[in-house]
file data_23.csv (CSV, C-alpha atoms)
chain,number,residue,atom,x,y,z
R,3,MET,CA,-148.0,77.7,-6.1
R,4,LYS,CA,-146.7,77.9,-9.7
R,5,ILE,CA,-143.2,78.3,-11.2
R,6,LYS,CA,-142.9,81.6,-13.0
R,7,ALA,CA,-139.2,81.5,-14.3
R,8,ILE,CA,-135.9,79.7,-13.9
R,9,GLU,CA,-132.5,81.2,-14.3
R,10,THR,CA,-128.8,80.1,-13.8
R,11,HIS,CA,-125.8,81.9,-12.4
R,12,THR,CA,-122.2,80.8,-12.9
R,13,VAL,CA,-119.5,81.8,-10.5
R,14,LYS,CA,-115.9,81.5,-11.5
R,15,VAL,CA,-113.9,79.5,-8.9
R,16,ASN,CA,-110.5,78.2,-10.1
R,17,HIS,CA,-108.8,75.9,-12.6
R,18,ARG,CA,-110.7,72.9,-11.3
R,19,GLY,CA,-114.1,74.3,-12.3
R,20,ASP,CA,-116.9,76.7,-11.6
R,21,TRP,CA,-120.1,76.7,-9.5
R,22,VAL,CA,-123.4,76.8,-11.4
R,23,PHE,CA,-126.4,77.9,-9.3
R,24,VAL,CA,-130.1,77.6,-10.2
R,25,LYS,CA,-132.8,80.0,-9.1
R,26,ILE,CA,-136.5,79.3,-9.5
R,27,HIS,CA,-139.0,82.2,-9.2
R,28,ALA,CA,-142.6,81.4,-8.1
R,29,GLU,CA,-145.6,83.5,-9.0
R,30,ASP,CA,-145.8,85.0,-5.6
R,31,GLY,CA,-142.3,86.4,-5.8
R,32,SER,CA,-140.7,83.6,-3.7
R,33,THR,CA,-137.4,82.1,-4.9
R,34,GLY,CA,-135.6,78.8,-4.4
R,35,ILE,CA,-132.0,78.0,-5.1
R,36,GLY,CA,-130.1,74.9,-6.2
R,37,GLU,CA,-126.7,73.9,-7.5
R,38,ALA,CA,-125.9,72.3,-10.8
R,39,SER,CA,-122.1,72.3,-10.8
R,40,HIS,CA,-119.5,69.9,-12.3
R,41,GLY,CA,-121.6,68.5,-15.1
R,42,HIS,CA,-120.1,70.4,-18.0
R,43,ASP,CA,-121.3,73.9,-17.0
R,44,GLY,CA,-122.2,75.4,-20.4
R,45,ARG,CA,-124.2,72.4,-21.5
R,46,VAL,CA,-126.0,72.2,-18.1
R,47,ALA,CA,-127.0,75.9,-18.2
R,48,GLN,CA,-128.3,75.4,-21.8
R,49,MET,CA,-130.3,72.3,-20.7
R,50,ILE,CA,-131.8,74.2,-17.8
R,51,GLU,CA,-132.8,77.0,-20.1
R,52,GLY,CA,-134.4,74.4,-22.5
R,53,LEU,CA,-136.3,72.8,-19.6
R,54,SER,CA,-137.7,76.2,-18.4
R,55,ALA,CA,-140.5,76.3,-21.0
R,56,ALA,CA,-141.8,72.9,-19.9
R,57,LEU,CA,-141.6,73.8,-16.2
R,58,VAL,CA,-143.1,77.3,-16.1
R,59,GLY,CA,-146.6,77.0,-14.7
R,60,ARG,CA,-146.0,73.7,-12.9
R,61,ASP,CA,-146.8,73.3,-9.2
R,62,VAL,CA,-143.8,73.9,-7.0
R,63,PHE,CA,-144.8,71.2,-4.6
R,64,GLN,CA,-145.0,68.3,-7.1
R,65,ILE,CA,-141.4,67.3,-6.7
R,66,GLU,CA,-141.9,63.6,-7.0
R,67,ASP,CA,-143.9,64.0,-10.2
R,68,PHE,CA,-141.2,66.4,-11.6
R,69,HIS,CA,-138.6,63.7,-11.1
R,70,ARG,CA,-140.7,61.0,-12.6
R,71,ARG,CA,-141.4,63.0,-15.7
R,72,PHE,CA,-138.0,64.5,-16.4
R,73,TYR,CA,-135.3,62.3,-14.9
R,74,GLN,CA,-134.5,59.7,-17.5
R,75,GLU,CA,-131.9,57.1,-16.7
R,76,SER,CA,-130.7,56.9,-20.3
R,77,GLU,CA,-129.6,60.6,-20.3
R,78,GLY,CA,-126.0,61.6,-19.6
R,79,ARG,CA,-124.4,63.4,-16.7
R,80,PRO,CA,-125.1,67.0,-17.9
R,81,TYR,CA,-128.8,66.4,-18.1
R,82,HIS,CA,-128.9,64.6,-14.7
R,83,THR,CA,-127.0,67.6,-13.2
R,84,ALA,CA,-129.5,70.0,-14.7
R,85,ILE,CA,-132.4,68.1,-13.3
R,86,SER,CA,-130.8,67.8,-9.9
R,87,GLY,CA,-130.1,71.5,-9.6
R,88,ILE,CA,-133.7,72.3,-10.4
R,89,GLU,CA,-134.9,69.7,-7.8
R,90,HIS,CA,-132.8,71.4,-5.0
R,91,ALA,CA,-134.4,74.7,-5.9
R,92,LEU,CA,-137.9,73.2,-5.7
R,93,TRP,CA,-137.2,71.8,-2.2
R,94,ASP,CA,-135.8,75.2,-1.2
R,95,LEU,CA,-138.7,77.0,-2.6
R,96,ALA,CA,-141.3,74.7,-1.1
R,97,GLY,CA,-139.7,75.1,2.4
R,98,LYS,CA,-139.6,78.8,2.1
R,99,VAL,CA,-143.3,79.0,1.0
R,100,LEU,CA,-144.3,76.8,4.0
R,101,ASP,CA,-141.8,78.4,6.3
R,102,VAL,CA,-140.1,75.2,7.3
R,103,PRO,CA,-136.6,73.7,6.7
R,104,THR,CA,-136.2,71.0,4.1
R,105,HIS,CA,-135.3,68.4,6.6
R,106,GLN,CA,-138.7,68.8,8.2
R,107,LEU,CA,-140.3,68.0,4.9
R,108,LEU,CA,-138.1,64.9,4.5
R,109,GLY,CA,-139.2,63.3,7.8
R,110,GLY,CA,-137.3,65.3,10.5
R,111,ARG,CA,-133.8,65.3,11.8
R,112,CYS,CA,-131.8,62.4,13.1
R,113,ARG,CA,-128.9,64.6,14.2
R,114,GLU,CA,-128.2,68.3,15.1
R,115,LYS,CA,-125.0,68.7,13.0
R,116,ILE,CA,-123.2,67.1,10.1
R,117,ARG,CA,-119.6,65.9,10.4
R,118,LEU,CA,-117.4,66.8,7.5
R,119,TYR,CA,-114.1,65.7,6.1
R,120,ALA,CA,-111.7,68.1,4.3
R,121,ASN,CA,-110.9,67.1,0.8
R,122,ILE,CA,-107.6,68.8,0.3
R,123,ASN,CA,-106.9,67.6,-3.2
R,124,ARG,CA,-108.3,70.6,-5.2
R,125,ALA,CA,-106.4,73.1,-3.0
R,126,THR,CA,-103.1,71.2,-3.1
R,127,VAL,CA,-101.1,72.8,-5.9
R,128,ASN,CA,-97.7,71.7,-4.4
R,129,ARG,CA,-98.0,67.9,-5.1
R,130,THR,CA,-94.9,66.9,-3.2
R,131,PRO,CA,-95.4,64.7,-0.1
R,132,GLU,CA,-94.6,67.8,2.0
R,133,GLY,CA,-97.2,69.9,0.1
R,134,PHE,CA,-99.9,67.3,0.8
R,135,ALA,CA,-98.9,67.1,4.5
R,136,GLN,CA,-98.9,70.9,4.9
R,137,ASN,CA,-102.5,71.3,3.6
R,138,ALA,CA,-103.7,68.3,5.7
R,139,ARG,CA,-102.2,69.9,8.8
R,140,LYS,CA,-103.9,73.2,8.0
R,141,ALA,CA,-107.2,71.5,7.7
R,142,VAL,CA,-106.8,69.8,11.0
R,143,ASP,CA,-105.7,73.1,12.6
R,144,GLU,CA,-109.0,74.6,11.4
R,145,GLY,CA,-110.8,71.9,13.3
R,146,PHE,CA,-111.4,69.1,10.8
R,147,THR,CA,-111.2,65.6,12.3
R,148,ALA,CA,-111.0,63.8,9.0
R,149,VAL,CA,-109.0,64.5,5.8
R,150,LYS,CA,-109.1,63.0,2.3
R,151,CYS,CA,-106.3,63.1,-0.3
R,152,ALA,CA,-105.9,61.9,-3.8
R,153,PRO,CA,-102.2,61.0,-3.9
R,154,PHE,CA,-102.2,58.7,-7.0
R,155,ASP,CA,-103.4,61.1,-9.7
R,156,ASP,CA,-100.1,60.8,-11.6
R,157,VAL,CA,-100.3,57.0,-11.8
R,158,SER,CA,-100.7,55.9,-15.4
R,159,THR,CA,-101.8,52.8,-17.3
R,160,ARG,CA,-98.1,52.0,-17.9
R,161,ASP,CA,-97.6,51.9,-14.1
R,162,ILE,CA,-100.5,49.6,-13.7
R,163,SER,CA,-99.4,47.2,-16.5
R,164,ARG,CA,-96.1,46.5,-14.7
R,165,GLY,CA,-97.9,44.8,-11.8
R,166,THR,CA,-95.5,46.2,-9.2
R,167,LEU,CA,-95.1,49.4,-7.0
R,168,THR,CA,-93.7,51.7,-9.6
R,169,PRO,CA,-92.0,55.1,-8.6
R,170,ALA,CA,-95.4,56.9,-9.2
R,171,ILE,CA,-97.2,54.5,-6.8
R,172,ARG,CA,-94.4,54.7,-4.3
R,173,THR,CA,-94.6,58.5,-4.4
R,174,GLY,CA,-98.3,58.3,-3.7
R,175,VAL,CA,-97.6,56.0,-0.7
R,176,GLU,CA,-95.0,58.5,0.6
R,177,ARG,CA,-97.6,61.3,0.3
R,178,ILE,CA,-100.0,59.3,2.5
R,179,ARG,CA,-97.3,58.6,5.0
R,180,ARG,CA,-96.3,62.2,5.3
R,181,ILE,CA,-99.9,63.2,5.8
R,182,ARG,CA,-100.3,60.6,8.6
R,183,GLU,CA,-97.1,61.9,10.3
R,184,ALA,CA,-98.4,65.5,10.0
R,185,ILE,CA,-101.9,64.9,11.3
R,186,GLY,CA,-101.2,62.2,13.9
R,187,PRO,CA,-102.9,58.9,14.6
R,188,ASN,CA,-106.3,60.2,15.8
R,189,ILE,CA,-107.4,62.0,12.6
R,190,ASP,CA,-109.4,59.9,10.1
R,191,LEU,CA,-107.6,59.7,6.8
R,192,MET,CA,-109.2,58.7,3.5
R,193,VAL,CA,-107.4,58.0,0.2
R,194,ASP,CA,-109.1,58.5,-3.1
R,195,CYS,CA,-107.4,56.5,-5.9
R,196,HIS,CA,-109.6,57.9,-8.7
R,197,SER,CA,-109.8,54.4,-10.3
R,198,ARG,CA,-106.1,54.4,-11.2
R,199,PHE,CA,-105.4,50.7,-10.3
R,200,ASN,CA,-106.3,47.2,-11.3
R,201,PRO,CA,-107.4,44.7,-8.7
R,202,GLY,CA,-104.1,43.0,-8.1
R,203,LEU,CA,-102.1,46.2,-7.8
R,204,ILE,CA,-104.5,47.9,-5.4
R,205,VAL,CA,-104.4,44.9,-3.1
R,206,GLN,CA,-100.6,45.0,-3.2
R,207,THR,CA,-100.6,48.8,-2.5
R,208,ALA,CA,-103.2,48.5,0.3
R,209,LYS,CA,-100.9,46.1,2.1
R,210,ALA,CA,-98.1,48.8,2.0
R,211,LEU,CA,-100.6,51.1,3.7
R,212,ASP,CA,-102.0,48.7,6.4
R,213,ASP,CA,-100.1,50.3,9.3
R,214,LEU,CA,-101.6,53.7,8.5
R,215,HIS,CA,-105.1,52.7,9.6
R,216,LEU,CA,-107.0,54.4,6.7
R,217,PHE,CA,-110.7,55.3,7.2
R,218,TRP,CA,-111.3,54.0,3.6
R,219,ILE,CA,-109.8,53.5,0.1
R,220,GLU,CA,-112.0,55.3,-2.4
R,221,ASP,CA,-112.6,54.2,-6.1
R,222,PRO,CA,-109.6,51.8,-6.2
R,223,ILE,CA,-110.5,50.5,-9.6
R,224,PRO,CA,-112.9,51.5,-12.4
R,225,MET,CA,-116.6,50.8,-11.7
R,226,THR,CA,-117.0,48.9,-15.0
R,227,ASN,CA,-116.5,45.6,-13.1
R,228,VAL,CA,-118.4,45.4,-9.9
R,229,ASP,CA,-117.4,41.8,-9.3
R,230,ALA,CA,-113.7,42.9,-9.4
R,231,LEU,CA,-114.5,45.6,-6.9
R,232,ALA,CA,-116.1,43.1,-4.6
R,233,HIS,CA,-112.9,41.0,-4.9
R,234,VAL,CA,-110.8,44.0,-3.9
R,235,SER,CA,-113.2,44.6,-0.9
R,236,GLN,CA,-112.8,41.1,0.3
R,237,SER,CA,-109.0,41.1,-0.2
R,238,THR,CA,-108.0,44.3,1.7
R,239,SER,CA,-108.1,45.1,5.4
R,240,MET,CA,-109.5,48.6,4.8
R,241,PRO,CA,-113.1,49.7,4.0
R,242,ILE,CA,-113.9,50.5,0.4
R,243,ALA,CA,-115.9,53.6,-0.7
R,244,THR,CA,-117.2,54.1,-4.2
R,245,GLY,CA,-120.2,55.3,-6.2
R,246,GLU,CA,-119.6,59.0,-7.1
R,247,GLN,CA,-119.9,58.1,-10.8
R,248,LEU,CA,-123.3,56.4,-10.4
R,249,ARG,CA,-126.4,58.4,-10.9
R,250,THR,CA,-129.4,56.1,-10.8
R,251,LYS,CA,-131.1,53.8,-8.2
R,252,SER,CA,-130.6,50.8,-10.5
R,253,ALA,CA,-126.8,51.4,-10.7
R,254,PHE,CA,-126.6,51.7,-6.9
R,255,GLN,CA,-128.7,48.6,-6.5
R,256,ARG,CA,-126.2,46.5,-8.5
R,257,LEU,CA,-123.4,47.8,-6.4
R,258,LEU,CA,-125.2,47.0,-3.2
R,259,GLU,CA,-126.3,43.5,-4.3
R,260,LYS,CA,-122.6,42.6,-4.9
R,261,ARG,CA,-121.6,43.9,-1.4
R,262,ALA,CA,-118.7,45.6,-3.1
R,263,ALA,CA,-118.4,48.7,-0.8
R,264,ASP,CA,-118.6,49.6,2.8
R,265,TYR,CA,-119.5,53.3,2.0
R,266,ILE,CA,-121.4,54.6,-1.0
R,267,LEU,CA,-120.9,58.1,-2.4
R,268,PRO,CA,-124.0,59.4,-4.2
R,269,ASP,CA,-123.8,63.1,-5.3
R,270,VAL,CA,-126.9,65.3,-4.7
R,271,LYS,CA,-125.9,67.2,-7.9
R,272,HIS,CA,-126.1,64.2,-10.2
R,273,VAL,CA,-128.4,61.5,-8.8
R,274,GLY,CA,-131.6,63.6,-9.4
R,275,GLY,CA,-131.5,65.7,-6.2
R,276,ILE,CA,-132.4,65.6,-2.6
R,277,LEU,CA,-135.3,63.1,-2.7
R,278,GLU,CA,-133.4,60.6,-4.8
R,279,LEU,CA,-130.3,60.9,-2.5
R,280,LYS,CA,-132.6,60.0,0.4
R,281,LYS,CA,-134.0,57.0,-1.5
R,282,ILE,CA,-130.5,55.7,-2.4
R,283,ALA,CA,-129.6,56.1,1.3
R,284,ALA,CA,-132.6,54.0,2.2
R,285,MET,CA,-131.5,51.3,-0.2
R,286,ALA,CA,-128.0,51.3,1.4
R,287,GLU,CA,-129.6,51.1,4.9
R,288,ALA,CA,-131.3,47.9,3.9
R,289,ALA,CA,-128.0,46.5,2.8
R,290,ASP,CA,-126.2,47.7,6.0
R,291,VAL,CA,-124.0,50.1,4.1
R,292,LEU,CA,-123.2,53.6,5.2
R,293,VAL,CA,-123.8,56.8,3.1
R,294,THR,CA,-121.1,59.5,2.7
R,295,PRO,CA,-122.1,61.8,-0.1
R,296,HIS,CA,-119.7,62.9,-2.8
R,297,ASN,CA,-119.6,66.7,-2.4
R,298,PRO,CA,-116.6,68.6,-3.9
R,299,SER,CA,-119.2,71.3,-4.4
R,300,GLY,CA,-120.2,74.9,-3.6
R,301,PRO,CA,-122.2,76.0,-0.6
R,302,VAL,CA,-125.7,75.3,-2.0
R,303,ALA,CA,-125.1,71.7,-2.9
R,304,THR,CA,-123.4,71.4,0.5
R,305,ALA,CA,-126.6,72.8,2.2
R,306,ALA,CA,-128.7,70.4,0.2
R,307,SER,CA,-126.6,67.5,1.3
R,308,VAL,CA,-126.7,68.7,4.9
R,309,GLN,CA,-130.5,69.0,4.9
R,310,CYS,CA,-130.9,65.5,3.4
R,311,MET,CA,-128.3,63.7,5.6
R,312,ALA,CA,-129.7,65.1,8.7
R,313,THR,CA,-132.7,62.8,8.1
R,314,VAL,CA,-130.7,59.7,7.1
R,315,PRO,CA,-130.0,57.1,9.9
R,316,ASN,CA,-127.1,55.5,8.1
R,317,PHE,CA,-125.2,58.7,7.3
R,318,ALA,CA,-121.5,58.6,8.1
R,319,ILE,CA,-119.6,61.8,7.0
R,320,LEU,CA,-119.9,64.5,4.3
R,321,GLU,CA,-117.2,65.7,1.9
R,322,TYR,CA,-116.2,69.3,2.0
R,323,ALA,CA,-114.1,71.0,-0.7
R,324,TRP,CA,-111.5,72.6,1.6
R,325,GLY,CA,-109.4,75.5,0.7
R,326,GLU,CA,-110.6,76.2,-2.9
R,327,VAL,CA,-111.4,79.9,-2.5
R,328,GLU,CA,-111.4,82.2,0.6
R,329,TRP,CA,-114.5,84.0,-0.4
R,330,ARG,CA,-116.8,80.9,-0.5
R,331,PRO,CA,-118.8,81.9,2.6
R,332,GLU,CA,-119.7,85.3,1.1
R,333,LEU,CA,-121.7,83.6,-1.7
R,334,VAL,CA,-124.6,82.8,0.7
R,335,ASN,CA,-126.6,84.5,3.4
R,336,PRO,CA,-126.1,83.6,6.2
R,337,PRO,CA,-122.5,82.8,5.4
R,338,GLU,CA,-121.5,79.2,5.4
R,339,GLU,CA,-119.9,78.3,8.7
R,340,VAL,CA,-117.8,75.2,9.6
R,341,VAL,CA,-117.1,74.8,13.3
R,342,ALA,CA,-114.8,72.1,14.6
R,343,GLY,CA,-115.3,70.1,11.4
R,344,TYR,CA,-119.1,70.2,11.5
R,345,ILE,CA,-121.9,72.2,9.9
R,346,GLU,CA,-124.8,72.9,12.2
R,347,LEU,CA,-128.2,72.0,10.9
R,348,SER,CA,-130.1,75.1,10.0
R,349,ASP,CA,-133.7,75.6,11.1
R,350,ARG,CA,-134.2,78.5,8.5
R,351,PRO,CA,-136.8,77.7,5.8
R,352,GLY,CA,-135.8,75.6,2.8
R,353,LEU,CA,-132.1,74.9,2.5
R,354,GLY,CA,-131.5,77.6,5.0
R,355,LEU,CA,-129.7,80.2,2.9
R,356,ASP,CA,-130.0,82.6,0.0
R,357,LEU,CA,-127.5,83.4,-2.8
R,358,VAL,CA,-125.6,86.7,-2.6
R,359,MET,CA,-124.8,87.4,-6.3
R,360,ARG,CA,-121.9,89.8,-6.6
R,361,GLU,CA,-118.6,90.1,-8.3
R,362,ILE,CA,-115.8,88.2,-6.6
call {"tool": "encode", "arguments": {"input": "data_23.csv", "output": "structure tokens"}}
result
Amino acid sequence: MKIKAIETHTVKVNHRGDWVFVKIHAEDGSTGIGEASHGHDGRVAQMIEGLSAALVGRDVFQIEDFHRRFYQESEGRPYHTAISGIEHALWDLAGKVLDVPTHQLLGGRCREKIRLYANINRATVNRTPEGFAQNARKAVDEGFTAVKCAPFDDVSTRDISRGTLTPAIRTGVERIRRIREAIGPNIDLMVDCHSRFNPGLIVQTAKALDDLHLFWIEDPIPMTNVDALAHVSQSTSMPIATGEQLRTKSAFQRLLEKRAADYILPDVKHVGGILELKKIAAMAEAADVLVTPHNPSGPVATAASVQCMATVPNFAILEYAWGEVEWRPELVNPPEEVVAGYIELSDRPGLGLDLVMREI
């Protein structure tokens, strides 16, 4: 089965970014879809268009060879995102041609459904402690049993250089406390620091949060110093999650060798696609580390992550971009459905859905 054509579709979402979808057409009229969002949309679409000439006529099923030939570690994020979106679409197309779900092609399921956590950050326009708490409570009311916030986004380099809990940091701590009060003690709560701290200050801040029993602290410091991250991991009582900025197996290998994290966060849109995500998960399994994919994404990347993580023994939980747009389920058929904080694993062919392209 040969590739006949490749096209992209961009859907406007909100001030935080758009969703870019990839569609591959096979010579028999079959189509496969992928997602290439959040990698500088215009450049990604141009790169996919540029790759089309080299891909037309290639065998749909030669996915490993596609990755070997086209995914170069030295390339930047837009290129990696373009390759990843094409790779999703190849898996979707292969599954549809063979009439089997992608998880069957990846070795079969380990679980029937995928647990999600609600990332409320993109939907939280009111950045007061009460605004964070209200959205967290809404997500829990919708059935989510885990919530993630990013309460330190207004912490600056000046705050870090002072070496103490500045007003901006204390506001972030108060946001977390209000969320915990709103959702109660039995809901898992994650905190994303977006690399705003240095090692000493995040250890100090973590101590101020000890009584809140956080599920993890994510990206506490920049990934430029893995040894420093390992020090933070050893100096705090809470698990550390990181890795959303990493895109290659070699980069994840360095992280795992340093035992600097309890959870790794590879993103199916940037690491090269579904098969590379599974390989990275296998590396983490050997290091006794859990995988919780980074996924502030649209419904197609979510479906790709779901299909992959259903086959991964050391999967923990999947990110879900909560509350961005109310029409999100309408973009795919069948509509995306979250029930009690889970997505059921689809047995439909490929990724289990098709794009519904229409004006929103």
call {"tool": "residues_around", "arguments": {"input": "data_23.csv", "residues": "Ile276 of chain R", "least_positions_apart": "6", "cutoff": "12 Å", "atoms": "all atoms listed in the file", "output": "mmCIF file with C-alpha atoms, in the coordinates of the input"}}
result
data_model
loop_
_atom_site.group_PDB
_atom_site.id
_atom_site.type_symbol
_atom_site.label_atom_id
_atom_site.label_comp_id
_atom_site.auth_asym_id
_atom_site.auth_seq_id
_atom_site.Cartn_x
_atom_site.Cartn_y
_atom_site.Cartn_z
ATOM 1 C CA GLY R 36 -130.100 74.900 -6.200
ATOM 2 C CA GLU R 37 -126.700 73.900 -7.500
ATOM 3 C CA ILE R 65 -141.400 67.300 -6.700
ATOM 4 C CA GLU R 66 -141.900 63.600 -7.000
ATOM 5 C CA HIS R 69 -138.600 63.700 -11.100
ATOM 6 C CA ILE R 85 -132.400 68.100 -13.300
ATOM 7 C CA SER R 86 -130.800 67.800 -9.900
ATOM 8 C CA GLY R 87 -130.100 71.500 -9.600
ATOM 9 C CA ILE R 88 -133.700 72.300 -10.400
ATOM 10 C CA GLU R 89 -134.900 69.700 -7.800
ATOM 11 C CA HIS R 90 -132.800 71.400 -5.000
ATOM 12 C CA ALA R 91 -134.400 74.700 -5.900
ATOM 13 C CA LEU R 92 -137.900 73.200 -5.700
ATOM 14 C CA TRP R 93 -137.200 71.800 -2.200
ATOM 15 C CA ASP R 94 -135.800 75.200 -1.200
ATOM 16 C CA THR R 104 -136.200 71.000 4.100
ATOM 17 C CA HIS R 105 -135.300 68.400 6.600
ATOM 18 C CA LEU R 107 -140.300 68.000 4.900
ATOM 19 C CA LEU R 108 -138.100 64.900 4.500
ATOM 20 C CA PRO R 268 -124.000 59.400 -4.200
ATOM 21 C CA ASP R 269 -123.800 63.100 -5.300
ATOM 22 C CA VAL R 270 -126.900 65.300 -4.700
ATOM 23 C CA ILE R 282 -130.500 55.700 -2.400
ATOM 24 C CA ALA R 283 -129.600 56.100 1.300
ATOM 25 C CA PRO R 295 -122.100 61.800 -0.100
ATOM 26 C CA VAL R 302 -125.700 75.300 -2.000
ATOM 27 C CA ALA R 303 -125.100 71.700 -2.900
ATOM 28 C CA THR R 304 -123.400 71.400 0.500
ATOM 29 C CA ALA R 305 -126.600 72.800 2.200
ATOM 30 C CA ALA R 306 -128.700 70.400 0.200
ATOM 31 C CA SER R 307 -126.600 67.500 1.300
ATOM 32 C CA VAL R 308 -126.700 68.700 4.900
ATOM 33 C CA GLN R 309 -130.500 69.000 4.900
ATOM 34 C CA CYS R 310 -130.900 65.500 3.400
ATOM 35 C CA MET R 311 -128.300 63.700 5.600
ATOM 36 C CA ALA R 312 -129.700 65.100 8.700
ATOM 37 C CA THR R 313 -132.700 62.800 8.100
ATOM 38 C CA VAL R 314 -130.700 59.700 7.100
ATOM 39 C CA GLY R 352 -135.800 75.600 2.800
ATOM 40 C CA LEU R 353 -132.100 74.900 2.500
#
call {"tool": "closest_residue", "arguments": {"input": "data_23.csv", "among": "R:Asp221, R:Asp143, R:Glu278, R:Asp229", "to": "Ile204 of chain R", "atoms": "all atoms listed in the file"}}
result
R:Asp221
call {"tool": "atom_distance", "arguments": {"input": "data_23.csv", "atom1": "atom CA of Leu279 of chain R", "atom2": "atom CA of Val58 of chain R"}}
result
24.9 Å
call {"tool": "axis_aligned_box", "arguments": {"input": "data_23.csv", "around": "segment 266-272 of chain R", "padding_each_side": "6 Å", "output": "AutoDock Vina command-line options"}}
result
--center_x -123.9 --center_y 60.9 --center_z -5.6 --size_x 18.0 --size_y 24.6 --size_z 21.2
call {"tool": "residues_around", "arguments": {"input": "data_23.csv", "residues": "Leu267 of chain R", "least_positions_apart": "5", "cutoff": "12 Å", "atoms": "only C-alpha atoms", "output": "mmCIF file with C-alpha atoms, in the frame of the given file"}}
result
data_model
loop_
_atom_site.group_PDB
_atom_site.id
_atom_site.type_symbol
_atom_site.label_atom_id
_atom_site.label_comp_id
_atom_site.auth_asym_id
_atom_site.auth_seq_id
_atom_site.Cartn_x
_atom_site.Cartn_y
_atom_site.Cartn_z
ATOM 1 C CA ASP R 194 -109.100 58.500 -3.100
ATOM 2 C CA GLU R 220 -112.000 55.300 -2.400
ATOM 3 C CA ASP R 221 -112.600 54.200 -6.100
ATOM 4 C CA ILE R 242 -113.900 50.500 0.400
ATOM 5 C CA ALA R 243 -115.900 53.600 -0.700
ATOM 6 C CA THR R 244 -117.200 54.100 -4.200
ATOM 7 C CA GLY R 245 -120.200 55.300 -6.200
ATOM 8 C CA GLU R 246 -119.600 59.000 -7.100
ATOM 9 C CA GLN R 247 -119.900 58.100 -10.800
ATOM 10 C CA LEU R 248 -123.300 56.400 -10.400
ATOM 11 C CA ARG R 249 -126.400 58.400 -10.900
ATOM 12 C CA PHE R 254 -126.600 51.700 -6.900
ATOM 13 C CA LEU R 257 -123.400 47.800 -6.400
ATOM 14 C CA LEU R 258 -125.200 47.000 -3.200
ATOM 15 C CA HIS R 272 -126.100 64.200 -10.200
ATOM 16 C CA VAL R 273 -128.400 61.500 -8.800
ATOM 17 C CA LEU R 279 -130.300 60.900 -2.500
ATOM 18 C CA ILE R 282 -130.500 55.700 -2.400
ATOM 19 C CA ALA R 283 -129.600 56.100 1.300
ATOM 20 C CA ALA R 286 -128.000 51.300 1.400
ATOM 21 C CA VAL R 291 -124.000 50.100 4.100
ATOM 22 C CA LEU R 292 -123.200 53.600 5.200
ATOM 23 C CA VAL R 293 -123.800 56.800 3.100
ATOM 24 C CA THR R 294 -121.100 59.500 2.700
ATOM 25 C CA PRO R 295 -122.100 61.800 -0.100
ATOM 26 C CA HIS R 296 -119.700 62.900 -2.800
ATOM 27 C CA ASN R 297 -119.600 66.700 -2.400
ATOM 28 C CA PRO R 298 -116.600 68.600 -3.900
ATOM 29 C CA SER R 307 -126.600 67.500 1.300
ATOM 30 C CA PHE R 317 -125.200 58.700 7.300
ATOM 31 C CA ALA R 318 -121.500 58.600 8.100
ATOM 32 C CA ILE R 319 -119.600 61.800 7.000
ATOM 33 C CA LEU R 320 -119.900 64.500 4.300
ATOM 34 C CA GLU R 321 -117.200 65.700 1.900
#
call {"tool": "residues_around", "arguments": {"input": "data_23.csv", "residues": "segment 336-348 of chain R", "least_positions_apart": "3", "cutoff": "6 Å", "atoms": "all atoms listed in the file", "output": "PyMOL selection string"}}
result
chain R and resi 114-118+145-146+331-332+354-355
call {"tool": "write_last_selection", "arguments": {"input": "data_23.csv", "atoms": "C-alpha atoms", "output": "PDB file, in the frame of the given file"}}
result
ATOM      1  CA  GLU R 114    -128.200  68.300  15.100  1.00  0.00           C
ATOM      2  CA  LYS R 115    -125.000  68.700  13.000  1.00  0.00           C
ATOM      3  CA  ILE R 116    -123.200  67.100  10.100  1.00  0.00           C
ATOM      4  CA  ARG R 117    -119.600  65.900  10.400  1.00  0.00           C
ATOM      5  CA  LEU R 118    -117.400  66.800   7.500  1.00  0.00           C
ATOM      6  CA  GLY R 145    -110.800  71.900  13.300  1.00  0.00           C
ATOM      7  CA  PHE R 146    -111.400  69.100  10.800  1.00  0.00           C
ATOM      8  CA  PRO R 331    -118.800  81.900   2.600  1.00  0.00           C
ATOM      9  CA  GLU R 332    -119.700  85.300   1.100  1.00  0.00           C
ATOM     10  CA  GLY R 354    -131.500  77.600   5.000  1.00  0.00           C
ATOM     11  CA  LEU R 355    -129.700  80.200   2.900  1.00  0.00           C
TER      12      LEU R 355
END
call {"tool": "atom_distance", "arguments": {"input": "data_23.csv", "atom1": "atom CA of Gly202 of chain R", "atom2": "atom CA of Leu231 of chain R"}}
result
10.8 Å
call {"tool": "closest_residue", "arguments": {"input": "data_23.csv", "among": "R:Leu211, R:Ile189, R:Val205, R:Val102", "to": "Thr166 of chain R", "atoms": "all atoms listed in the file"}}
result
R:Val205
call {"tool": "closest_residue", "arguments": {"input": "data_23.csv", "among": "R:Ser299, R:Val142, R:Pro351, R:Arg160", "to": "Arg18 of chain R", "atoms": "only C-alpha atoms"}}
result
R:Ser299
call {"tool": "closest_residue", "arguments": {"input": "data_23.csv", "among": "R:Ala323, R:Leu214, R:Val22, R:Ala96", "to": "Ile50 of chain R", "atoms": "all atoms listed in the file"}}
result
R:Val22
call {"tool": "atom_distance", "arguments": {"input": "data_23.csv", "atom1": "atom CA of Thr130 of chain R", "atom2": "atom CA of Leu191 of chain R"}}
result
17.7 Å
call {"tool": "closest_residue", "arguments": {"input": "data_23.csv", "among": "R:Glu144, R:Glu132, R:Asp264, R:Asp67", "to": "Glu183 of chain R", "atoms": "all atoms listed in the file"}}
result
R:Glu132
call {"tool": "closest_residue", "arguments": {"input": "data_23.csv", "among": "R:Lys4, R:His42, R:Arg129, R:Arg70", "to": "Ala28 of chain R", "atoms": "all atoms listed in the file"}}
result
R:Lys4
